[in-house]
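Down below is the structure, laid out as structure tokens.
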Amino acid sequence: MEANLIDSCLDRADLRQANLTEAKLRGASLKKANLRSAFLYEANLQGADLRQADLRGANLSGAFLCGANLEGANLEGAILSGAIQFCVRQV
């Protein structure tokens, strides 16, 4: 079951080791959130605000990160294989 957290405010939330597989986090605010070792496999983080989030050791395999703000986020040891980080806008 996938969590629907679209546009949620989760600033400073403690989500260490949370299982957010296929979670819908589009447009969510996760500023300074602790997502250390979280499982975000195929999560939709399009346009999410992850500024200064702790993503150390998080599994972001297959995550959709198009437009996500990762400024100052700690991605040390994070798994990003297959993650989509950039979008091409069609005109």
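We name chains A, B, ... following the order of the structure tokens; residues begin at 1 in each chain, and ligands are numbered from 1 as shown.
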(request) Extract, using only C-alpha atoms, all DNA, RNA and protein residues at most 9 Å from region 5-12 of chain A, discarding same-chain residues fewer than 5 positions from it, and format them as a PyMOL selection string. (result) chain A and resi 23-34+45+48+50+53
For region 79-83 of chain A, please output as a PDB file with all heavy atoms, in the first residue's frame all residues within 6 Å (counting only C-alpha atoms; exclusion window: fewer than 6 positions along the same chain).
ATOM      1  N   ASN A  59      17.362   4.685   0.750  1.00  0.00           N
ATOM      2  CA  ASN A  59      17.251   3.982  -0.521  1.00  0.00           C
ATOM      3  C   ASN A  59      16.238   4.714  -1.385  1.00  0.00           C
ATOM      4  O   ASN A  59      15.039   4.656  -1.134  1.00  0.00           O
ATOM      5  CB  ASN A  59      16.821   2.535  -0.302  1.00  0.00           C
ATOM      6  CG  ASN A  59      16.838   1.739  -1.584  1.00  0.00           C
ATOM      7  OD1 ASN A  59      16.766   2.290  -2.675  1.00  0.00           O
ATOM      8  ND2 ASN A  59      16.937   0.429  -1.459  1.00  0.00           N
ATOM      9  N   LEU A  60      16.740   5.411  -2.395  1.00  0.00           N
ATOM     10  CA  LEU A  60      15.913   6.179  -3.318  1.00  0.00           C
ATOM     11  C   LEU A  60      15.897   5.533  -4.704  1.00  0.00           C
ATOM     12  O   LEU A  60      15.673   6.203  -5.706  1.00  0.00           O
ATOM     13  CB  LEU A  60      16.438   7.616  -3.408  1.00  0.00           C
ATOM     14  CG  LEU A  60      16.263   8.437  -2.128  1.00  0.00           C
ATOM     15  CD1 LEU A  60      17.427   9.370  -1.911  1.00  0.00           C
ATOM     16  CD2 LEU A  60      14.964   9.190  -2.160  1.00  0.00           C
ATOM     17  N   SER A  61      16.104   4.234  -4.754  1.00  0.00           N
ATOM     18  CA  SER A  61      16.123   3.520  -6.034  1.00  0.00           C
ATOM     19  C   SER A  61      14.799   3.734  -6.758  1.00  0.00           C
ATOM     20  O   SER A  61      13.728   3.528  -6.192  1.00  0.00           O
ATOM     21  CB  SER A  61      16.325   2.020  -5.822  1.00  0.00           C
ATOM     22  OG  SER A  61      17.587   1.764  -5.255  1.00  0.00           O
ATOM     23  N   GLY A  62      14.900   4.161  -8.004  1.00  0.00           N
ATOM     24  CA  GLY A  62      13.710   4.354  -8.819  1.00  0.00           C
ATOM     25  C   GLY A  62      12.828   5.520  -8.420  1.00  0.00           C
ATOM     26  O   GLY A  62      11.742   5.688  -8.947  1.00  0.00           O
ATOM     27  N   ALA A  63      13.286   6.338  -7.483  1.00  0.00           N
ATOM     28  CA  ALA A  63      12.482   7.483  -7.034  1.00  0.00           C
ATOM     29  C   ALA A  63      12.391   8.537  -8.131  1.00  0.00           C
ATOM     30  O   ALA A  63      13.305   8.699  -8.933  1.00  0.00           O
ATOM     31  CB  ALA A  63      13.076   8.091  -5.768  1.00  0.00           C
ATOM     32  N   PHE A  64      11.292   9.253  -8.161  1.00  0.00           N
ATOM     33  CA  PHE A  64      11.064  10.325  -9.128  1.00  0.00           C
ATOM     34  C   PHE A  64      11.346  11.640  -8.418  1.00  0.00           C
ATOM     35  O   PHE A  64      10.571  12.074  -7.561  1.00  0.00           O
ATOM     36  CB  PHE A  64       9.625  10.262  -9.637  1.00  0.00           C
ATOM     37  CG  PHE A  64       9.362  11.169 -10.797  1.00  0.00           C
ATOM     38  CD1 PHE A  64      10.020  10.996 -12.009  1.00  0.00           C
ATOM     39  CD2 PHE A  64       8.450  12.198 -10.692  1.00  0.00           C
ATOM     40  CE1 PHE A  64       9.773  11.829 -13.087  1.00  0.00           C
ATOM     41  CE2 PHE A  64       8.191  13.033 -11.763  1.00  0.00           C
ATOM     42  CZ  PHE A  64       8.853  12.857 -12.966  1.00  0.00           C
TER      43      PHE A  64
END
(message) Set the distance at 10 Å and use only C-alpha atoms: which residues neighbour Cys87 (chain A) once local chain neighbours fewer than 3 positions away are removed? I'd like the list as a list in words.
(response) Gln46, Phe64, Leu65, Cys66, Gly67, Ile84 and Gln90 of chain A
Please write the residues from the selection above to a file, keeping N, CA and C atoms, as a CSV table (one decimal), in the first residue's frame.
chain,number,residue,atom,x,y,z
A,46,GLN,N,8.4,14.4,-6.8
A,46,GLN,CA,8.4,15.5,-7.7
A,46,GLN,C,8.0,16.8,-7.0
A,64,PHE,N,11.3,9.3,-8.2
A,64,PHE,CA,11.1,10.3,-9.1
A,64,PHE,C,11.3,11.6,-8.4
A,65,LEU,N,12.5,12.3,-8.7
A,65,LEU,CA,13.0,13.5,-8.0
A,65,LEU,C,12.9,14.7,-8.9
A,66,CYS,N,12.2,14.7,-10.0
A,66,CYS,CA,12.1,15.8,-10.9
A,66,CYS,C,11.6,17.0,-10.2
A,67,GLY,N,12.4,18.1,-10.2
A,67,GLY,CA,12.0,19.3,-9.6
A,67,GLY,C,12.2,19.4,-8.1
A,84,ILE,N,15.1,9.1,-11.1
A,84,ILE,CA,15.0,10.2,-12.1
A,84,ILE,C,15.1,11.5,-11.5
A,90,GLN,N,8.4,19.3,-22.4
A,90,GLN,CA,8.1,19.3,-23.8
A,90,GLN,C,7.3,20.6,-24.1
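Of the listed residues (A:Leu55, A:Gly47, A:Gln17, A:Leu40), A:Leu55 comes nearest to Gly77 (chain A); the distances count only C-alpha atoms.
Near Ala18 (chain A), within 8 Å and counting only C-alpha atoms, sit Leu35, Ser37, Ala38 and Phe39 of chain A; same-chain residues fewer than 6 positions away were not included.
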Include all heavy atoms and write out the residues we just selected as a compact mmCIF listing (two decimals), in the first residue's frame.
# COMPACT_ATOMS: atom_id res chain seq x y z
N LEU A 35 15.44 11.52 7.33
CA LEU A 35 15.07 10.37 6.51
C LEU A 35 16.22 9.38 6.43
O LEU A 35 16.36 8.62 5.47
CB LEU A 35 14.68 10.84 5.10
CG LEU A 35 13.36 11.62 5.04
CD1 LEU A 35 13.34 12.55 3.84
CD2 LEU A 35 12.19 10.66 4.99
N SER A 37 18.34 6.34 6.44
CA SER A 37 18.08 4.92 6.18
C SER A 37 16.61 4.64 5.84
O SER A 37 16.14 3.52 5.98
CB SER A 37 18.51 4.06 7.37
OG SER A 37 19.90 4.19 7.58
N ALA A 38 15.89 5.66 5.40
CA ALA A 38 14.49 5.46 4.98
C ALA A 38 14.46 4.71 3.66
O ALA A 38 15.39 4.77 2.86
CB ALA A 38 13.78 6.81 4.84
N PHE A 39 13.38 4.00 3.42
CA PHE A 39 13.20 3.23 2.21
C PHE A 39 12.20 3.97 1.34
O PHE A 39 11.00 3.96 1.62
CB PHE A 39 12.72 1.81 2.55
CG PHE A 39 12.91 0.83 1.45
CD1 PHE A 39 14.18 0.41 1.08
CD2 PHE A 39 11.83 0.32 0.77
CE1 PHE A 39 14.36 -0.51 0.05
CE2 PHE A 39 11.99 -0.60 -0.26
CZ PHE A 39 13.26 -1.02 -0.62
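Comparing the minimum interatomic distances between Ala73 (chain A) and each of A:Thr21, A:Gln85, A:Asn44, A:Gln52, counting only C-alpha atoms, we find that A:Gln52 sits nearest.
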(message) If I take CA of Glu71 (chain A) and CA of Ala13 (chain A), how far is one from the other in Å, to one decimal?
(response) 17.5 Å
(request) Provide the CA of Ala58 (chain A) to CA of Asn19 (chain A) distance in Å, to one decimal place. (result)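 These atoms are spaced 10.2 Å apart.
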